[in-house]
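S.K.: Can you read through this structure? Questions will come right after.
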Amino acid sequence: MRLDDSPQRKYLSEQIRSIAVVSLYADGFERLTPRQRVLAYYLAQAGLAGDDIYTDQISAYGLRLTDLLDNLVGHLDEIDSELGAKISDYAKLVWIHHGNYDLDSYRKFTPDFTFEQLKEVALAAWKRGARFGLRDKKQLNEALVGLRDSIFNPDYKPMLTVKNPPAGHDVISASSCNFYDNVTLQEVQSFKERYKLNSRVAKFRGKLVEQPYRAGTPDGKVRPGRYAKQLRRMISFIQLAIRRADPEQRAVLRKLIRFYRTGFEKDWLDYNIAWVKLNPTVDMISGFVETYLDPRNAKGSFETIVSFVDPEATRLMQRLAENAEYFEMHAPWKDEYKKRDFKPPVANAINVLVATGDGGPFCPGGINLPNEQAIREKYGTKSVLLNNIMHAAAAAIGEKAAVEFSSSEEERVRAVKHRLRARDLLVALHEIVGHGSGKVSERLKEDPHAYLKEYYSTLEECRADLVALWSFWDPKLAEIGVTNHQEVAKAGYDAYVRSALVLLNRYSDSLTIEEDHDRATQLIINYTMHRNGSIQQIEKNSKIFLRVRDHTAMRDAVGELLSELMRIKAEGDYDSIKKLVVEHAVRVNTSWRDQVVERCKRINLPKKAAFIMPILKPIHDKRGRIIDAGLRYPESFTELQLHLFKQKRNP
C-alpha cells in the first residue's frame, strides 16, 4: 500500500470570506520508519479525540452548534444551490474557528441566511434521514430554537474575550468564553483555585465550584472531572503509542497520561520537565497550554500538535540554539535579569501532521514551550519552527501584501528577495532566543503571569518579538550562516512595520484589539513611532504606508522598549505594563483600518490561513494488526471535517 496518496499538488483550496483554506503536505513522512509512522498515527488519534474540548472551551453552545452543522452539511444537495453554498460556507467557518467567534477580533460572526431558512433545511434533512443525535422532530425544533440567539443575534454574547472591558463590566462578565459560568472577576479573585490552568469555575446555588479537567484515576482515588470522556479516549490512544515509542519517550508519555488522569499541577510540571529534555523524531505537544483565550490569562486552552523533525530545515534552528547564551548576554536589559545557569534549548524545524484544538487549523509559525517561567529558567525550553505550515501559507498567499503595502520600489525588491528568509529568522529568534530568555526577580513568589494578569500574554509576545528584532542586526547571525545578513535584517524590519497595517484588516468591525500577538505588534510600532520617529506614516497616490525611516534608530527604540518590558516582567510591574498596553496597543486607528480593509478587499488578500491537515490511515497485516501508517490528503476542508465526524460517531 502506498504511504502517500497526495493529489496533484496545490496549496490554495478556496477562500471563505477572508480565510484562505490551504492544503498541508507532510513531505518526509515516508522516510520515517514503520514504527515511527505508527507512533505518529496513534498520537494523532489522541489529538483528534480531544478536539471537542477546545470547541466547548470557546462557548457553552459550541458543541451543539458543530453537531448541528456536521449532520446538516451532508444533506445540502437537494436544496437551493445559493442557500446551500451559504450554509456550507458558514459551517466551514465554524469548523475552522471551533465556534462562531473570529479568533483574531474575538467578535461573533453571523451567517448570511436566516433562522427560518436554517429550520427549513434542517427539517428537510430530517426527512432524508439526518437524526442530529435526537429522538424526534420536536427535539430538533427545540434544539434549533435553543441555538437561535447564539447563531443569529450579534448582540447575544458578542465578544469571545475582552481584556479591556467597557464601563460596567469586568473582564469575565464582558467575555463569552466557557472558562467561567455565572461568576464575576471579584468572586474568582477571592476564590482559591486548586487547578488554575485546567479547570472551569462556575456558580451553583450561590456557591463557586471548580470543575477540573481530568479523566480520573483507575483506582478511583481521583474522581473524573470535566472532559473525562474525551480525556479517557485520548489516554487509550497514548497507551497504544507508548508501545511504539523509545524508552525515554515512553516515560514522558506516561507522565502525560498521569496528568490527564489527575489534573494536578504537580503532574503537569513533572510532564513538562521531562518533555522539554526529550528530542525525538516524532513528537507531540499536548495539554491545556496557551492562556490567550482566558481574559485573566490563567486558564489553558486544549491543543495537540503531532509532528516530525525536518532534518534539512533544522540546521538554522540548532545553530541559533547553540548560541542562545551569546544572544542572552548581548540583550539590552540589565545584567540582573539575564540567565546565568544556561541550558541550551532544544530547537527543531518540524513538519506538522495533525494539529487540533487551539493548535489548528489556524497554526502558528513557531512555538516555544513550556510556558512556566520556573521550568524555562531551570530546565530550558523547546522551540519549533513549523516548516510545512509556513511554506504552505507562503505558497498559497504569495506576495500580495508585500507588493501592495511596500512604501517604495526598493522595499518591494528587498521583500521579494529576502522576506521569506527574514520571516523564518524572525520566528526562529522569537521562539528560541525570545521566549526562552531572561530571568525574573527572586522577589516574585509566583509565575510572572500571576502579577501581570490580563496583560501577561501581550507582554510576553511583545518581548519575544523585540528580542528577534534586536538580534536581527547582530553579526553573530552572519557567522552562523545567515547570508546577506544586513539586507535580511532590513527586510525583516520592513515586513514587521508593514504587518502593523495589514493586521488591521482583521478588525473591520472593531474599535479595540484584543488578540495578544496583534497587540504586541501595535505596541512596538506605535511606541517606536512616538519615541523617535524612526517609523513614518507616508502617503502616495492617496494610499497610506508605514516605512522605516531609519533602521538604526528603530533598533534603538526596540532595545529601549525591550529593556523596559524585561524589567516589567522580572519585577511583576502590573501598572507599567497596563499603561503601555492601553496607550499603544489597544485602540484601532480607524482611518488606517478603513483604508487597509478596502485595499485588502481589492487585491483579495486573506486575513489568515486555515490548514487542511492530512489524514493518517493505518495499514494492517493479514491478522488485522496495525503495522504501518500512510497519509491521505483531503481535497477540501469539508471532506476532512466529515471524515472526522464519522470517526467521532464510530470510534
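Labels for the C-alpha cells follow display order: chains A, B, ..., residues from 1 in each chain, ligands from 1.
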Would you mind listing what lies within 9 Å of stretch 629-639 of chain A as a VMD selection string, with only C-alpha atoms counted and same-chain residues fewer than 6 positions away left out?

M.R.: chain A and resid 1 to 7 13 to 14 21 to 26 29 to 30 34 to 35 37 to 41 73 88 91 to 92 95 to 96 611 to 620

S.K.: Next, the residues of the selection above should be written as a short mmCIF file (atom, residue, chain, number, x, y, z; two decimals), in the first residue's frame with N, CA and C atoms.

M.R.:
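So again-v2.cif came out as:
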data_model
loop_
_atom_site.label_atom_id
_atom_site.label_comp_id
_atom_site.auth_asym_id
_atom_site.auth_seq_id
_atom_site.Cartn_x
_atom_site.Cartn_y
_atom_site.Cartn_z
N MET A 1 0.85 -1.20 0.00
CA MET A 1 0.00 0.00 0.00
C MET A 1 0.88 1.24 0.00
N ARG A 2 0.51 2.23 -0.80
CA ARG A 2 1.28 3.47 -0.85
C ARG A 2 1.12 4.24 0.45
N LEU A 3 2.20 4.89 0.87
CA LEU A 3 2.17 5.67 2.09
C LEU A 3 1.58 7.05 1.88
N ASP A 4 1.50 7.50 0.65
CA ASP A 4 1.11 8.88 0.35
C ASP A 4 0.28 8.87 -0.92
N ASP A 5 -1.01 9.25 -0.81
CA ASP A 5 -1.86 9.29 -2.00
C ASP A 5 -2.21 10.73 -2.35
N SER A 6 -1.23 11.63 -2.23
CA SER A 6 -1.49 13.05 -2.47
C SER A 6 -1.91 13.29 -3.91
N PRO A 7 -2.88 14.19 -4.11
CA PRO A 7 -3.27 14.58 -5.47
C PRO A 7 -2.19 15.45 -6.08
N SER A 13 -6.86 25.94 -1.56
CA SER A 13 -8.04 25.14 -1.88
C SER A 13 -9.23 26.04 -2.19
N GLU A 14 -9.45 27.05 -1.35
CA GLU A 14 -10.54 28.00 -1.55
C GLU A 14 -10.33 29.15 -0.59
N VAL A 21 -8.09 28.79 2.74
CA VAL A 21 -8.08 27.38 3.15
C VAL A 21 -6.98 26.69 2.36
N VAL A 22 -5.97 26.19 3.06
CA VAL A 22 -4.72 25.78 2.43
C VAL A 22 -4.44 24.31 2.71
N SER A 23 -4.09 23.58 1.68
CA SER A 23 -3.72 22.17 1.84
C SER A 23 -2.32 22.07 2.42
N LEU A 24 -2.18 21.18 3.39
CA LEU A 24 -0.91 20.99 4.08
C LEU A 24 -0.31 19.64 3.67
N TYR A 25 0.97 19.65 3.32
CA TYR A 25 1.67 18.43 2.91
C TYR A 25 2.77 18.12 3.91
N ALA A 26 2.98 16.85 4.16
CA ALA A 26 3.96 16.40 5.15
C ALA A 26 5.08 15.64 4.44
N PHE A 29 7.45 12.18 5.47
CA PHE A 29 6.78 11.17 6.29
C PHE A 29 7.18 9.77 5.85
N GLU A 30 7.35 9.60 4.54
CA GLU A 30 7.69 8.28 4.02
C GLU A 30 9.10 7.85 4.43
N PRO A 34 8.55 2.42 9.82
CA PRO A 34 7.17 2.00 10.10
C PRO A 34 6.78 2.18 11.56
N ARG A 35 7.69 1.91 12.47
CA ARG A 35 7.41 2.07 13.90
C ARG A 35 7.11 3.54 14.22
N ARG A 37 6.00 5.78 12.10
CA ARG A 37 4.74 6.17 11.45
C ARG A 37 3.53 5.69 12.26
N VAL A 38 3.63 4.51 12.84
CA VAL A 38 2.53 4.02 13.68
C VAL A 38 2.44 4.84 14.96
N LEU A 39 3.59 5.19 15.52
CA LEU A 39 3.60 6.09 16.69
C LEU A 39 2.89 7.39 16.35
N ALA A 40 3.21 7.98 15.22
CA ALA A 40 2.56 9.22 14.79
C ALA A 40 1.06 9.03 14.62
N TYR A 41 0.66 7.89 14.08
CA TYR A 41 -0.76 7.60 13.87
C TYR A 41 -1.51 7.62 15.20
N VAL A 73 -24.55 19.30 6.83
CA VAL A 73 -23.80 19.56 5.59
C VAL A 73 -23.89 18.40 4.60
N SER A 88 -23.04 25.97 3.73
CA SER A 88 -21.76 25.26 3.66
C SER A 88 -20.61 26.17 4.08
N ALA A 91 -20.72 26.76 7.80
CA ALA A 91 -20.25 25.56 8.51
C ALA A 91 -18.73 25.50 8.51
N LYS A 92 -18.12 25.80 7.36
CA LYS A 92 -16.65 25.74 7.29
C LYS A 92 -16.02 26.78 8.21
N TRP A 95 -16.32 25.41 11.74
CA TRP A 95 -15.35 24.33 11.96
C TRP A 95 -13.94 24.90 12.14
N ILE A 96 -13.59 25.82 11.27
CA ILE A 96 -12.24 26.39 11.30
C ILE A 96 -11.97 27.11 12.62
N PHE A 611 -5.63 25.41 7.71
CA PHE A 611 -4.97 24.32 7.01
C PHE A 611 -5.81 23.04 7.00
N ILE A 612 -5.83 22.42 5.81
CA ILE A 612 -6.45 21.10 5.65
C ILE A 612 -5.37 20.07 5.98
N MET A 613 -5.49 19.46 7.14
CA MET A 613 -4.47 18.52 7.60
C MET A 613 -4.57 17.19 6.85
N PRO A 614 -3.45 16.48 6.72
CA PRO A 614 -3.52 15.13 6.17
C PRO A 614 -4.31 14.20 7.09
N ILE A 615 -4.83 13.13 6.53
CA ILE A 615 -5.47 12.07 7.31
C ILE A 615 -4.49 10.91 7.40
N LEU A 616 -4.16 10.50 8.61
CA LEU A 616 -3.29 9.34 8.79
C LEU A 616 -4.14 8.08 8.76
N LYS A 617 -3.76 7.14 7.94
CA LYS A 617 -4.54 5.92 7.76
C LYS A 617 -3.70 4.72 8.17
N PRO A 618 -4.26 3.82 8.96
CA PRO A 618 -3.50 2.65 9.40
C PRO A 618 -3.36 1.62 8.29
N ILE A 619 -2.26 0.91 8.31
CA ILE A 619 -2.01 -0.20 7.38
C ILE A 619 -1.93 -1.47 8.22
N HIS A 620 -2.77 -2.46 7.89
CA HIS A 620 -2.88 -3.68 8.68
C HIS A 620 -2.19 -4.86 8.01
#

S.K.: If you run DSSP on the backbone, which residues of stretch 121-278 of chain A are strand (DSSP E), as an mmCIF file with all heavy atoms, in the first residue's frame?

M.R.:
data_model
loop_
_atom_site.group_PDB
_atom_site.id
_atom_site.type_symbol
_atom_site.label_atom_id
_atom_site.label_comp_id
_atom_site.auth_asym_id
_atom_site.auth_seq_id
_atom_site.Cartn_x
_atom_site.Cartn_y
_atom_site.Cartn_z
ATOM 1 N N TYR A 180 -15.655 30.218 32.520
ATOM 2 C CA TYR A 180 -16.382 30.680 33.701
ATOM 3 C C TYR A 180 -17.867 30.647 33.395
ATOM 4 O O TYR A 180 -18.283 30.808 32.249
ATOM 5 C CB TYR A 180 -15.963 32.114 34.074
ATOM 6 C CG TYR A 180 -14.458 32.292 34.162
ATOM 7 C CD1 TYR A 180 -13.737 32.789 33.069
ATOM 8 C CD2 TYR A 180 -13.773 31.938 35.306
ATOM 9 C CE1 TYR A 180 -12.369 32.933 33.132
ATOM 10 C CE2 TYR A 180 -12.393 32.082 35.377
ATOM 11 C CZ TYR A 180 -11.694 32.574 34.282
ATOM 12 O OH TYR A 180 -10.334 32.697 34.346
ATOM 13 N N ASP A 181 -18.664 30.440 34.449
ATOM 14 C CA ASP A 181 -20.111 30.432 34.265
ATOM 15 C C ASP A 181 -20.777 31.096 35.469
ATOM 16 O O ASP A 181 -20.643 30.633 36.603
ATOM 17 C CB ASP A 181 -20.625 28.991 34.117
ATOM 18 C CG ASP A 181 -22.130 28.931 33.885
ATOM 19 O OD1 ASP A 181 -22.667 29.851 33.241
ATOM 20 O OD2 ASP A 181 -22.759 27.969 34.362
ATOM 21 N N SER A 199 -9.165 24.125 34.617
ATOM 22 C CA SER A 199 -10.479 23.982 35.241
ATOM 23 C C SER A 199 -11.415 25.064 34.744
ATOM 24 O O SER A 199 -10.990 26.059 34.148
ATOM 25 C CB SER A 199 -10.370 24.058 36.767
ATOM 26 O OG SER A 199 -10.080 25.386 37.177
ATOM 27 N N ARG A 200 -12.683 24.860 35.013
ATOM 28 C CA ARG A 200 -13.736 25.850 34.769
ATOM 29 C C ARG A 200 -14.312 26.235 36.129
ATOM 30 O O ARG A 200 -14.512 25.376 36.989
ATOM 31 C CB ARG A 200 -14.815 25.236 33.882
ATOM 32 C CG ARG A 200 -16.005 26.127 33.526
ATOM 33 C CD ARG A 200 -16.878 25.331 32.560
ATOM 34 N NE ARG A 200 -18.047 26.042 32.088
ATOM 35 C CZ ARG A 200 -19.281 25.887 32.577
ATOM 36 N NH1 ARG A 200 -19.500 25.067 33.602
ATOM 37 N NH2 ARG A 200 -20.294 26.543 32.063
ATOM 38 N N VAL A 201 -14.567 27.512 36.338
ATOM 39 C CA VAL A 201 -15.136 27.988 37.593
ATOM 40 C C VAL A 201 -16.580 28.403 37.335
ATOM 41 O O VAL A 201 -16.849 29.225 36.450
ATOM 42 C CB VAL A 201 -14.333 29.169 38.175
ATOM 43 C CG1 VAL A 201 -14.973 29.651 39.477
ATOM 44 C CG2 VAL A 201 -12.884 28.756 38.428
ATOM 45 N N ALA A 202 -17.500 27.828 38.096
ATOM 46 C CA ALA A 202 -18.926 28.089 37.894
ATOM 47 C C ALA A 202 -19.604 28.290 39.248
ATOM 48 O O ALA A 202 -19.077 27.904 40.298
ATOM 49 C CB ALA A 202 -19.575 26.932 37.143
ATOM 50 N N LYS A 203 -20.768 28.925 39.197
ATOM 51 C CA LYS A 203 -21.549 29.128 40.411
ATOM 52 C C LYS A 203 -22.817 28.283 40.349
ATOM 53 O O LYS A 203 -23.581 28.362 39.392
ATOM 54 C CB LYS A 203 -21.909 30.601 40.587
ATOM 55 C CG LYS A 203 -22.596 30.910 41.929
ATOM 56 C CD LYS A 203 -23.181 32.311 41.961
ATOM 57 C CE LYS A 203 -22.110 33.368 41.955
ATOM 58 N NZ LYS A 203 -22.708 34.732 42.033
ATOM 59 N N PHE A 204 -23.010 27.465 41.387
ATOM 60 C CA PHE A 204 -24.217 26.656 41.516
ATOM 61 C C PHE A 204 -24.848 26.939 42.874
ATOM 62 O O PHE A 204 -24.187 26.834 43.915
ATOM 63 C CB PHE A 204 -23.890 25.164 41.410
ATOM 64 C CG PHE A 204 -23.453 24.738 40.039
ATOM 65 C CD1 PHE A 204 -22.108 24.548 39.759
ATOM 66 C CD2 PHE A 204 -24.377 24.547 39.018
ATOM 67 C CE1 PHE A 204 -21.699 24.157 38.498
ATOM 68 C CE2 PHE A 204 -23.969 24.160 37.753
ATOM 69 C CZ PHE A 204 -22.630 23.965 37.488
ATOM 70 N N LYS A 207 -22.933 29.122 45.188
ATOM 71 C CA LYS A 207 -21.617 28.690 45.643
ATOM 72 C C LYS A 207 -20.701 28.463 44.452
ATOM 73 O O LYS A 207 -21.090 27.837 43.460
ATOM 74 C CB LYS A 207 -21.740 27.398 46.455
ATOM 75 C CG LYS A 207 -20.420 26.899 47.024
ATOM 76 C CD LYS A 207 -20.627 25.618 47.830
ATOM 77 C CE LYS A 207 -19.307 25.112 48.378
ATOM 78 N NZ LYS A 207 -19.478 23.847 49.147
ATOM 79 N N LEU A 208 -19.455 28.956 44.551
ATOM 80 C CA LEU A 208 -18.479 28.752 43.484
ATOM 81 C C LEU A 208 -17.925 27.328 43.533
ATOM 82 O O LEU A 208 -17.600 26.819 44.623
ATOM 83 C CB LEU A 208 -17.326 29.748 43.607
ATOM 84 C CG LEU A 208 -17.452 31.006 42.719
ATOM 85 C CD1 LEU A 208 -18.656 31.829 43.115
ATOM 86 C CD2 LEU A 208 -16.182 31.842 42.797
ATOM 87 N N VAL A 209 -17.820 26.721 42.355
ATOM 88 C CA VAL A 209 -17.347 25.349 42.226
ATOM 89 C C VAL A 209 -16.270 25.317 41.156
ATOM 90 O O VAL A 209 -16.407 25.939 40.095
ATOM 91 C CB VAL A 209 -18.501 24.388 41.842
ATOM 92 C CG1 VAL A 209 -17.968 22.977 41.626
ATOM 93 C CG2 VAL A 209 -19.577 24.396 42.913
ATOM 94 N N GLU A 210 -15.201 24.588 41.424
ATOM 95 C CA GLU A 210 -14.137 24.402 40.440
ATOM 96 C C GLU A 210 -14.322 23.050 39.771
ATOM 97 O O GLU A 210 -14.447 22.028 40.452
ATOM 98 C CB GLU A 210 -12.774 24.472 41.119
ATOM 99 C CG GLU A 210 -11.614 24.539 40.155
ATOM 100 C CD GLU A 210 -10.281 24.762 40.858
ATOM 101 O OE1 GLU A 210 -10.207 24.540 42.087
ATOM 102 O OE2 GLU A 210 -9.323 25.161 40.171
ATOM 103 N N GLN A 211 -14.361 23.051 38.439
ATOM 104 C CA GLN A 211 -14.560 21.828 37.660
ATOM 105 C C GLN A 211 -13.257 21.489 36.937
ATOM 106 O O GLN A 211 -12.994 21.981 35.835
ATOM 107 C CB GLN A 211 -15.690 22.024 36.647
ATOM 108 C CG GLN A 211 -17.021 22.412 37.279
ATOM 109 C CD GLN A 211 -18.050 22.822 36.249
ATOM 110 O OE1 GLN A 211 -17.746 23.484 35.261
ATOM 111 N NE2 GLN A 211 -19.293 22.437 36.487
ATOM 112 N N PRO A 212 -12.408 20.657 37.543
ATOM 113 C CA PRO A 212 -11.111 20.353 36.915
ATOM 114 C C PRO A 212 -11.274 19.497 35.674
ATOM 115 O O PRO A 212 -12.185 18.670 35.587
ATOM 116 C CB PRO A 212 -10.358 19.604 38.014
ATOM 117 C CG PRO A 212 -11.426 19.019 38.881
ATOM 118 C CD PRO A 212 -12.570 19.992 38.841
#

S.K.: Could you check the closest approach to A:Lys579 for each of A:Pro475, A:Tyr90, A:Asn164, A:Asn178 and tell me which residue wins, using only C-alpha atoms?

M.R.: A:Asn164

S.K.: Which residues of stretch 352-458 of chain A come within 10 Å of stretch 595-606 of chain A, and what is each one's closest atom pair and distance in Å (one decimal), counting only C-alpha atoms, sorted by chain and residue number, as CSV?

M.R.:
residue,atom,partner,partner_atom,distance
A:Ile397,CA,A:Leu605,CA,7.6
A:Gly398,CA,A:Leu605,CA,9.6
A:Glu399,CA,A:Leu605,CA,9.7
A:Lys400,CA,A:Leu605,CA,6.7
A:Ala401,CA,A:Leu605,CA,7.2
A:Glu404,CA,A:Arg599,CA,8.0
A:Phe405,CA,A:Val596,CA,9.2

S.K.: Let's have the selection written as a PDB file, in the first residue's frame, with N, CA, C and O atoms.

M.R.:
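Everything below was put into selection11.pdb:
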ATOM      1  N   ILE A 397      -0.627  32.157  -0.461  1.00  0.00           N
ATOM      2  CA  ILE A 397      -0.980  33.579  -0.421  1.00  0.00           C
ATOM      3  C   ILE A 397      -0.065  34.426  -1.289  1.00  0.00           C
ATOM      4  O   ILE A 397      -0.463  35.456  -1.836  1.00  0.00           O
ATOM      5  N   GLY A 398       1.194  34.001  -1.432  1.00  0.00           N
ATOM      6  CA  GLY A 398       2.111  34.717  -2.313  1.00  0.00           C
ATOM      7  C   GLY A 398       2.563  36.045  -1.760  1.00  0.00           C
ATOM      8  O   GLY A 398       2.649  36.243  -0.547  1.00  0.00           O
ATOM      9  N   GLU A 399       2.830  36.989  -2.646  1.00  0.00           N
ATOM     10  CA  GLU A 399       3.460  38.261  -2.272  1.00  0.00           C
ATOM     11  C   GLU A 399       2.503  39.441  -2.314  1.00  0.00           C
ATOM     12  O   GLU A 399       2.928  40.593  -2.407  1.00  0.00           O
ATOM     13  N   LYS A 400       1.203  39.173  -2.230  1.00  0.00           N
ATOM     14  CA  LYS A 400       0.225  40.252  -2.366  1.00  0.00           C
ATOM     15  C   LYS A 400       0.450  41.371  -1.353  1.00  0.00           C
ATOM     16  O   LYS A 400       0.433  42.559  -1.700  1.00  0.00           O
ATOM     17  N   ALA A 401       0.653  41.006  -0.103  1.00  0.00           N
ATOM     18  CA  ALA A 401       0.802  42.029   0.930  1.00  0.00           C
ATOM     19  C   ALA A 401       2.070  42.845   0.724  1.00  0.00           C
ATOM     20  O   ALA A 401       2.064  44.068   0.869  1.00  0.00           O
ATOM     21  N   GLU A 404       1.497  45.282  -2.260  1.00  0.00           N
ATOM     22  CA  GLU A 404       0.524  46.345  -2.004  1.00  0.00           C
ATOM     23  C   GLU A 404       0.994  47.325  -0.936  1.00  0.00           C
ATOM     24  O   GLU A 404       0.740  48.536  -1.032  1.00  0.00           O
ATOM     25  N   PHE A 405       1.698  46.848   0.097  1.00  0.00           N
ATOM     26  CA  PHE A 405       1.970  47.700   1.249  1.00  0.00           C
ATOM     27  C   PHE A 405       3.428  48.120   1.377  1.00  0.00           C
ATOM     28  O   PHE A 405       3.786  48.779   2.353  1.00  0.00           O
TER      29      PHE A 405
END

S.K.: From the set A:Leu469, A:Ala313, A:Val222, A:Leu43, which residue has the shortest atom-to-atom contact distance to A:Leu256, counting only C-alpha atoms?

M.R.: A:Leu43

S.K.: Taking only C-alpha atoms into account, which of A:Gly133, A:Pro218, A:Lys108, A:His97 comes nearest A:Tyr156?

M.R.: A:Lys108

S.K.: Which of these residues is nearest to A:Asp52, using only C-alpha atoms: A:Asp136, A:Glu377, A:Asp556, A:Asp358?

M.R.: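 Nearest candidate to A:Asp52 out of A:Asp136, A:Glu377, A:Asp556, A:Asp358: A:Asp358.
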